[in-house]
Each structure stands twice: as C-alpha cells, then as structure tokens.
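Everything on this sheet refers to the single structure shown next.
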Amino acid sequence: MSQQPTELMEFRIPASCHEESVAPNELATKPGIRNLPGPTTTWRILVVENNAAEADALVSALKRHGHEVESVATGGAALQSYGDADLVLIDLELPDLDGLEVCRSIRSACDIPVIAVTARGSELDRVLGLQAGADDYLVKPYGFRELMARMEAVMRRARTSAPTSRVISHGPLRIDAGFREVTLHGRVIDLTRKEFDLLYMLASNPDTVIPRKQLIRQIWGDSWSRRTVDTHVSSLRNKLGGSDWIVTVRGVGFRFGGVSG
C-alpha cells in the first residue's frame with residue numbers, strides 16, 4: 001500500500017480555479033457538495049480495499065450517493081462476493097492475492113465492470129491492470145467526483161454492450177436486461193445480480209429445460225457449488241411469490257414456468 005494514508009483518504013473536490021482537498025467526513029457538510037451529480041440508478045458496488053480507513057471513507061461516500069455497498073479486505077473474499085455486485089472497485093495491493101490475479105479471475109468468469117483504484121501509478125502498472133481485465137484505472141489520491149464520473153462511464157458502456165433484445169414479458173412479469181430491472185404486476189422485485197442472470201436466462205428460453213451444469217457454467221463460471229443453484233432458485237421463487245415461475249425437472253435442470261396469474 002502507499003505510504004501516504006492521510007493523502008489517500010482525501011476525496012479532492014476540484015473548484016473552478018483550484019483543487020481543494022476534502023476529508024471524507026466533511027463531504028456531507030462541505031459547501032457545494034450537494035451539487036455533485038448523483039447516479040441515475042442504484043448499483044450494488046463491491047469495494048475491495050485492504051486499508052480499513054480508506055474502505056470506510058469510500059463506502060460512506062458511495063452510500064451517500066444512494067448505492068448499496070459491500071466492502072471486503074482480501075482477494076479471496078472478493079472472489080466469493082463479486083457475483084452479486086454490479087460494479088467492483090478494487091485496490092491491487094491485497095494481503096493474500098495480487099489484485100491483477102483477482103481481476104483476471106473475475107474477467108474470466110463474467111463481464112462485470114471492474115475499476116482498479118490503486119496507488120500503483122506507473123504507465124506499466126496501468127497497462128497491466130487494463131490487460132488483466134480492469135475496465136478503467138484510477139490512481140490514488142483521486143477526486144471523488146472523478147471516481148463517480150468514471151463509474152458512470154463504465155456502467156454506461158456496460159449497458160450499451162448488452163444485447164439489443166433486452167425486454168422479456170411473460171404475463172405480469174417484465175424483465176428489462178438493459179436496466180437489470182424485474183417487475184411483477186408493476187411492482188419492482190429486488191434481485192441480486194446472479195438471481196437476475198438466472199431468471200433472465202430461464203425466461204429467455206421459456207420452452208427449454210436448461211441443464212444444471214449449463215446454468216452453472218454460464219452464470220457462475222468456476223465459482224460454484226451444487227447448492228448455489230438451488231439456493232438462488234429458492235430465493236427467486238420466494239421473491240416472485242410462487243414456485244410455478246421456475247420448474248424443477250428432476251435429474252436434468254430447470255425450466256421457466258411463466259405463470260400468468
């Protein structure tokens with residue numbers, strides 16, 4: 001980690017003619033801070049940061065902007081937690097695994113946006129980070145406004161790269177892949193990232209029994225267990241208010257039920 005912990009914890013808000021450093025606990029009361037552009041939607045963000053003070057500051061700032069945030073301190077924990085996130089912010093200096101390896105593992109399994117937020121600032125570091133799968137690279141110390149802008153840009157690119165056929169409707173159930181939103185009878189159903197991916201995959205193939213192994217390979221990659229699928233199916237059934245939406249085909253896998261009540 002950097003040897004400048006105080007500087008790294010500062011979220012610098014640039015003024016019109018100069019840059020002014022603002023400590024994280026001043027963000028809520030600093031004049032003009034309310035004029036910062038807010039997110040157009042709420043994201044689930046995973047912060048991977050070994051420095052507890054920096055992690056707490058970043059988490060607090062992101063939550064103030066309306067996001068749901070989880071923080072972990074190790075690469076191993078990150079590989080267990082990224083599946084339900086919409087965006088990962090990762091420091092490359094981690095105590096157990098090199099952050100580049102964590103980036104490669106995430107990218108090999110899925111296309112979730114990843115931004116490296118690190119003290120490694122050389123050109124070679126940036127190149128290696130981007131080659132490892134990071135969608136963007138931000139060097140500490142950084143301005144929080146810049147981080148928010150980069151997050152918006154990365155998420156915008158992720159939305160525009162999604163398939164063109166992005167809305168599926170089955171009776172009262174509507175699945176919008178572009179906004180990753182599910183509504184039932186007009187009510188928004190709050191799903192995790194993997195729950196959404198599972199439901200979307202099943203609903204995209206309503207007349208097909210999808211084998212369990214195919215679901216595991218396409219949604220979870222190498223990070224899975226048999227109970228992972230069953231747990232997510234059970235959770236989806238509870239949130240959708242019935243077991244008819246997802247039908248178990250014993251010994252094979254699952255199919256979309258598509259009830260219309």
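Quick note on naming: the chains in the structure tokens go A, B, ... in the order shown, residues restart at 1 in each chain, and ligands are numbered from 1 in order of appearance.
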(message) Env of Leu92 in chain A: 10 Å cut, atoms = only C-alpha atoms, seq-sep filter 4 positions within chain, self excluded. Answer as a PyMOL selection string.
(response) chain A and resi 1+48-50+75+97-103+116-120+125+129
(message) Could you pull out the alpha helix (DSSP H) residues of range 204-250 of chain A, going by DSSP on the backbone, and write them as an MDAnalysis selection string?
(response) chainID A and resid 204 212:215 226:240
Sorted by chain and rising residue number, which residues of range 85-171 of chain A lie within 12 Å of range 185-197 of chain A, and what are their closest atom pairs and distances in Å to one decimal, counting only C-alpha atoms, as a Markdown table?
```
| residue | atom | partner | partner_atom | distance |
| --- | --- | --- | --- | --- |
| A:Ala85 | CA | A:Arg193 | CA | 6.1 |
| A:Asp86 | CA | A:Arg193 | CA | 6.7 |
| A:Leu87 | CA | A:Arg193 | CA | 10.2 |
| A:Cys110 | CA | A:Lys194 | CA | 10.8 |
| A:Asp111 | CA | A:Arg193 | CA | 11.8 |
| A:Ile112 | CA | A:Arg193 | CA | 9.7 |
| A:Ser169 | CA | A:His185 | CA | 11.1 |
| A:His170 | CA | A:His185 | CA | 10.7 |
| A:Gly171 | CA | A:His185 | CA | 8.7 |
```
Considering only strand (DSSP E or B) as DSSP defines it on the backbone, what residues of range 52-208 of chain A qualify? List them as a compact mmCIF listing (two decimals) with all heavy atoms, in the first residue's frame.
```txt
# COMPACT_ATOMS: atom_id res chain seq x y z
N GLU A 68 -25.78 0.69 -2.96
CA GLU A 68 -25.62 -0.39 -1.99
C GLU A 68 -24.16 -0.85 -2.07
O GLU A 68 -23.67 -1.17 -3.15
CB GLU A 68 -26.55 -1.54 -2.32
CG GLU A 68 -28.02 -1.17 -2.28
CD GLU A 68 -28.91 -2.33 -2.68
OE1 GLU A 68 -28.48 -3.49 -2.52
OE2 GLU A 68 -30.02 -2.08 -3.18
N VAL A 69 -23.48 -0.90 -0.94
CA VAL A 69 -22.03 -1.15 -0.97
C VAL A 69 -21.66 -2.25 0.01
O VAL A 69 -22.12 -2.27 1.16
CB VAL A 69 -21.24 0.13 -0.60
CG1 VAL A 69 -19.75 -0.09 -0.87
CG2 VAL A 69 -21.75 1.33 -1.39
N GLU A 70 -20.83 -3.16 -0.46
CA GLU A 70 -20.21 -4.18 0.39
C GLU A 70 -18.70 -3.99 0.32
O GLU A 70 -18.17 -3.69 -0.75
CB GLU A 70 -20.59 -5.59 -0.07
CG GLU A 70 -19.94 -6.69 0.76
CD GLU A 70 -20.26 -8.09 0.26
OE1 GLU A 70 -21.01 -8.21 -0.73
OE2 GLU A 70 -19.73 -9.06 0.85
N SER A 71 -18.01 -4.17 1.43
CA SER A 71 -16.57 -4.00 1.46
C SER A 71 -15.89 -5.26 1.95
O SER A 71 -16.33 -5.86 2.94
CB SER A 71 -16.19 -2.82 2.37
OG SER A 71 -14.79 -2.66 2.44
N VAL A 72 -14.84 -5.68 1.26
CA VAL A 72 -14.01 -6.82 1.68
C VAL A 72 -12.55 -6.39 1.64
O VAL A 72 -12.19 -5.45 0.93
CB VAL A 72 -14.23 -8.06 0.81
CG1 VAL A 72 -15.67 -8.55 0.91
CG2 VAL A 72 -13.88 -7.77 -0.65
N LEU A 87 -20.78 -3.63 -9.93
CA LEU A 87 -19.52 -2.96 -10.22
C LEU A 87 -18.53 -3.27 -9.11
O LEU A 87 -18.91 -3.31 -7.93
CB LEU A 87 -19.74 -1.44 -10.30
CG LEU A 87 -18.52 -0.53 -10.42
CD1 LEU A 87 -17.83 -0.73 -11.77
CD2 LEU A 87 -18.92 0.93 -10.25
N VAL A 88 -17.27 -3.49 -9.47
CA VAL A 88 -16.22 -3.78 -8.49
C VAL A 88 -15.17 -2.67 -8.53
O VAL A 88 -14.67 -2.32 -9.60
CB VAL A 88 -15.53 -5.13 -8.77
CG1 VAL A 88 -14.38 -5.36 -7.79
CG2 VAL A 88 -16.54 -6.28 -8.68
N LEU A 89 -14.86 -2.11 -7.36
CA LEU A 89 -13.76 -1.16 -7.20
C LEU A 89 -12.67 -1.88 -6.42
O LEU A 89 -12.87 -2.25 -5.26
CB LEU A 89 -14.21 0.08 -6.43
CG LEU A 89 -15.38 0.88 -7.03
CD1 LEU A 89 -15.74 2.05 -6.13
CD2 LEU A 89 -15.04 1.39 -8.43
N ILE A 90 -11.51 -2.09 -7.01
CA ILE A 90 -10.50 -2.94 -6.39
C ILE A 90 -9.14 -2.28 -6.29
O ILE A 90 -8.63 -1.71 -7.26
CB ILE A 90 -10.38 -4.28 -7.16
CG1 ILE A 90 -9.36 -5.21 -6.50
CG2 ILE A 90 -10.05 -4.05 -8.63
CD1 ILE A 90 -9.35 -6.61 -7.07
N VAL A 114 -15.18 -3.61 -13.78
CA VAL A 114 -14.16 -3.55 -12.73
C VAL A 114 -13.33 -2.28 -12.92
O VAL A 114 -12.86 -2.01 -14.03
CB VAL A 114 -13.23 -4.78 -12.78
CG1 VAL A 114 -12.13 -4.65 -11.72
CG2 VAL A 114 -14.01 -6.07 -12.58
N ILE A 115 -13.17 -1.52 -11.84
CA ILE A 115 -12.29 -0.35 -11.87
C ILE A 115 -11.20 -0.55 -10.84
O ILE A 115 -11.48 -0.78 -9.66
CB ILE A 115 -13.05 0.95 -11.56
CG1 ILE A 115 -14.15 1.20 -12.60
CG2 ILE A 115 -12.09 2.14 -11.55
CD1 ILE A 115 -14.97 2.45 -12.33
N ALA A 116 -9.95 -0.50 -11.27
CA ALA A 116 -8.82 -0.57 -10.35
C ALA A 116 -8.61 0.80 -9.72
O ALA A 116 -8.50 1.81 -10.43
CB ALA A 116 -7.55 -1.01 -11.09
N VAL A 117 -8.62 0.85 -8.39
CA VAL A 117 -8.41 2.10 -7.64
C VAL A 117 -7.21 1.84 -6.74
O VAL A 117 -7.32 1.22 -5.70
CB VAL A 117 -9.65 2.48 -6.82
CG1 VAL A 117 -9.43 3.80 -6.11
CG2 VAL A 117 -10.88 2.56 -7.71
N THR A 118 -6.04 2.31 -7.14
CA THR A 118 -4.81 1.84 -6.52
C THR A 118 -3.72 2.90 -6.50
O THR A 118 -3.79 3.90 -7.22
CB THR A 118 -4.30 0.60 -7.29
OG1 THR A 118 -3.09 0.12 -6.71
CG2 THR A 118 -4.07 0.93 -8.76
N ASP A 136 -11.33 0.26 -16.20
CA ASP A 136 -10.75 1.58 -16.02
C ASP A 136 -9.73 1.50 -14.89
O ASP A 136 -9.68 0.52 -14.14
CB ASP A 136 -11.83 2.61 -15.71
CG ASP A 136 -11.40 4.04 -16.06
OD1 ASP A 136 -10.20 4.25 -16.33
OD2 ASP A 136 -12.26 4.93 -16.04
N TYR A 137 -8.92 2.55 -14.76
CA TYR A 137 -7.80 2.53 -13.82
C TYR A 137 -7.66 3.92 -13.23
O TYR A 137 -7.49 4.90 -13.96
CB TYR A 137 -6.52 2.12 -14.56
CG TYR A 137 -5.37 1.68 -13.69
CD1 TYR A 137 -5.05 0.33 -13.57
CD2 TYR A 137 -4.57 2.60 -13.03
CE1 TYR A 137 -3.98 -0.09 -12.80
CE2 TYR A 137 -3.51 2.20 -12.24
CZ TYR A 137 -3.21 0.84 -12.13
OH TYR A 137 -2.15 0.42 -11.36
N LEU A 138 -7.76 4.02 -11.91
CA LEU A 138 -7.70 5.30 -11.22
C LEU A 138 -6.62 5.24 -10.15
O LEU A 138 -6.59 4.31 -9.33
CB LEU A 138 -9.05 5.63 -10.59
CG LEU A 138 -9.26 7.01 -9.99
CD1 LEU A 138 -9.04 8.09 -11.04
CD2 LEU A 138 -10.66 7.12 -9.40
N VAL A 139 -5.71 6.24 -10.17
CA VAL A 139 -4.56 6.23 -9.26
C VAL A 139 -4.85 7.10 -8.03
O VAL A 139 -5.36 8.21 -8.15
CB VAL A 139 -3.29 6.73 -9.98
CG1 VAL A 139 -2.10 6.77 -9.02
CG2 VAL A 139 -2.98 5.83 -11.17
N VAL A 167 -35.86 -6.76 -23.35
CA VAL A 167 -37.04 -6.79 -22.51
C VAL A 167 -37.82 -8.07 -22.80
O VAL A 167 -38.16 -8.36 -23.94
CB VAL A 167 -37.93 -5.56 -22.73
CG1 VAL A 167 -39.19 -5.66 -21.87
CG2 VAL A 167 -37.17 -4.28 -22.41
N ILE A 168 -38.09 -8.83 -21.73
CA ILE A 168 -38.86 -10.06 -21.85
C ILE A 168 -40.10 -9.90 -20.98
O ILE A 168 -40.00 -9.52 -19.81
CB ILE A 168 -38.04 -11.28 -21.39
CG1 ILE A 168 -36.81 -11.46 -22.27
CG2 ILE A 168 -38.89 -12.54 -21.41
CD1 ILE A 168 -35.89 -12.57 -21.79
N SER A 169 -41.27 -10.22 -21.55
CA SER A 169 -42.51 -10.14 -20.80
C SER A 169 -43.22 -11.48 -20.84
O SER A 169 -43.37 -12.09 -21.91
CB SER A 169 -43.43 -9.06 -21.38
OG SER A 169 -42.86 -7.77 -21.22
N HIS A 170 -43.63 -11.95 -19.67
CA HIS A 170 -44.43 -13.16 -19.54
C HIS A 170 -45.56 -12.85 -18.57
O HIS A 170 -45.36 -12.81 -17.35
CB HIS A 170 -43.59 -14.33 -19.01
CG HIS A 170 -42.58 -14.85 -20.00
ND1 HIS A 170 -42.92 -15.67 -21.06
CD2 HIS A 170 -41.25 -14.66 -20.09
CE1 HIS A 170 -41.82 -15.97 -21.76
NE2 HIS A 170 -40.80 -15.36 -21.19
N LEU A 173 -45.09 -10.56 -15.51
CA LEU A 173 -43.65 -10.46 -15.23
C LEU A 173 -42.94 -9.76 -16.38
O LEU A 173 -43.10 -10.14 -17.55
CB LEU A 173 -43.04 -11.85 -15.03
CG LEU A 173 -41.56 -11.89 -14.67
CD1 LEU A 173 -41.32 -11.33 -13.26
CD2 LEU A 173 -41.03 -13.33 -14.75
N ARG A 174 -42.15 -8.73 -16.05
CA ARG A 174 -41.40 -7.99 -17.06
C ARG A 174 -39.94 -7.94 -16.64
O ARG A 174 -39.62 -7.53 -15.53
CB ARG A 174 -41.94 -6.57 -17.23
CG ARG A 174 -41.29 -5.77 -18.35
CD ARG A 174 -41.96 -4.41 -18.48
NE ARG A 174 -41.49 -3.66 -19.64
CZ ARG A 174 -40.42 -2.87 -19.62
NH1 ARG A 174 -39.71 -2.73 -18.51
NH2 ARG A 174 -40.05 -2.22 -20.71
N ILE A 175 -39.05 -8.36 -17.54
CA ILE A 175 -37.62 -8.41 -17.26
C ILE A 175 -36.90 -7.50 -18.25
O ILE A 175 -36.91 -7.75 -19.45
CB ILE A 175 -37.07 -9.86 -17.38
CG1 ILE A 175 -37.89 -10.81 -16.51
CG2 ILE A 175 -35.59 -9.91 -17.01
CD1 ILE A 175 -37.57 -12.27 -16.76
N ASP A 176 -36.28 -6.46 -17.73
CA ASP A 176 -35.58 -5.48 -18.57
C ASP A 176 -34.08 -5.67 -18.35
O ASP A 176 -33.54 -5.29 -17.31
CB ASP A 176 -35.99 -4.06 -18.19
CG ASP A 176 -35.46 -3.01 -19.16
OD1 ASP A 176 -34.34 -3.20 -19.68
OD2 ASP A 176 -36.15 -2.01 -19.39
N GLU A 181 -33.78 -4.72 -14.43
CA GLU A 181 -34.92 -4.49 -13.55
C GLU A 181 -36.00 -5.53 -13.83
O GLU A 181 -36.31 -5.83 -14.97
CB GLU A 181 -35.48 -3.09 -13.75
CG GLU A 181 -36.67 -2.76 -12.86
CD GLU A 181 -37.18 -1.37 -13.08
OE1 GLU A 181 -37.94 -1.16 -14.07
OE2 GLU A 181 -36.84 -0.47 -12.29
N VAL A 182 -36.57 -6.06 -12.77
CA VAL A 182 -37.66 -7.02 -12.88
C VAL A 182 -38.87 -6.45 -12.16
O VAL A 182 -38.77 -5.98 -11.03
CB VAL A 182 -37.28 -8.38 -12.24
CG1 VAL A 182 -38.47 -9.33 -12.22
CG2 VAL A 182 -36.12 -9.02 -13.00
N THR A 183 -40.02 -6.47 -12.84
CA THR A 183 -41.26 -6.02 -12.21
C THR A 183 -42.30 -7.14 -12.33
O THR A 183 -42.34 -7.87 -13.33
CB THR A 183 -41.81 -4.74 -12.85
OG1 THR A 183 -42.02 -4.96 -14.26
CG2 THR A 183 -40.85 -3.59 -12.66
N LEU A 184 -43.13 -7.26 -11.32
CA LEU A 184 -44.21 -8.24 -11.29
C LEU A 184 -45.48 -7.50 -10.88
O LEU A 184 -45.53 -6.91 -9.80
CB LEU A 184 -43.89 -9.36 -10.30
CG LEU A 184 -44.93 -10.48 -10.18
CD1 LEU A 184 -45.09 -11.21 -11.52
CD2 LEU A 184 -44.52 -11.47 -9.08
N ARG A 187 -44.80 -4.04 -9.83
CA ARG A 187 -44.00 -3.81 -8.62
C ARG A 187 -42.57 -4.29 -8.87
O ARG A 187 -42.36 -5.41 -9.35
CB ARG A 187 -44.60 -4.56 -7.43
CG ARG A 187 -43.83 -4.40 -6.13
CD ARG A 187 -44.60 -5.04 -4.99
NE ARG A 187 -44.78 -6.46 -5.20
CZ ARG A 187 -43.92 -7.40 -4.79
NH1 ARG A 187 -42.80 -7.03 -4.16
NH2 ARG A 187 -44.17 -8.68 -5.00
N VAL A 188 -41.59 -3.46 -8.53
CA VAL A 188 -40.19 -3.82 -8.74
C VAL A 188 -39.79 -4.92 -7.77
O VAL A 188 -40.04 -4.83 -6.56
CB VAL A 188 -39.27 -2.60 -8.55
CG1 VAL A 188 -37.80 -3.00 -8.65
CG2 VAL A 188 -39.59 -1.52 -9.60
N ILE A 189 -39.16 -5.97 -8.30
CA ILE A 189 -38.66 -7.08 -7.49
C ILE A 189 -37.15 -6.90 -7.34
O ILE A 189 -36.42 -6.85 -8.34
CB ILE A 189 -38.96 -8.44 -8.15
CG1 ILE A 189 -40.45 -8.56 -8.47
CG2 ILE A 189 -38.49 -9.58 -7.25
CD1 ILE A 189 -41.34 -8.52 -7.26
```
(message) Rounded to one decimal, what separation in Å do you get between CA of Leu147 in chain A and CA of Ile45 in chain A?
(response) 12.9 Å
(message) Need to verify the contact set: Met201 in chain A, 10 Å, only C-alpha atoms, exclusion of same-chain residues closer than 2 positions in sequence. Can you return it as a count of residues only?
(response) 15
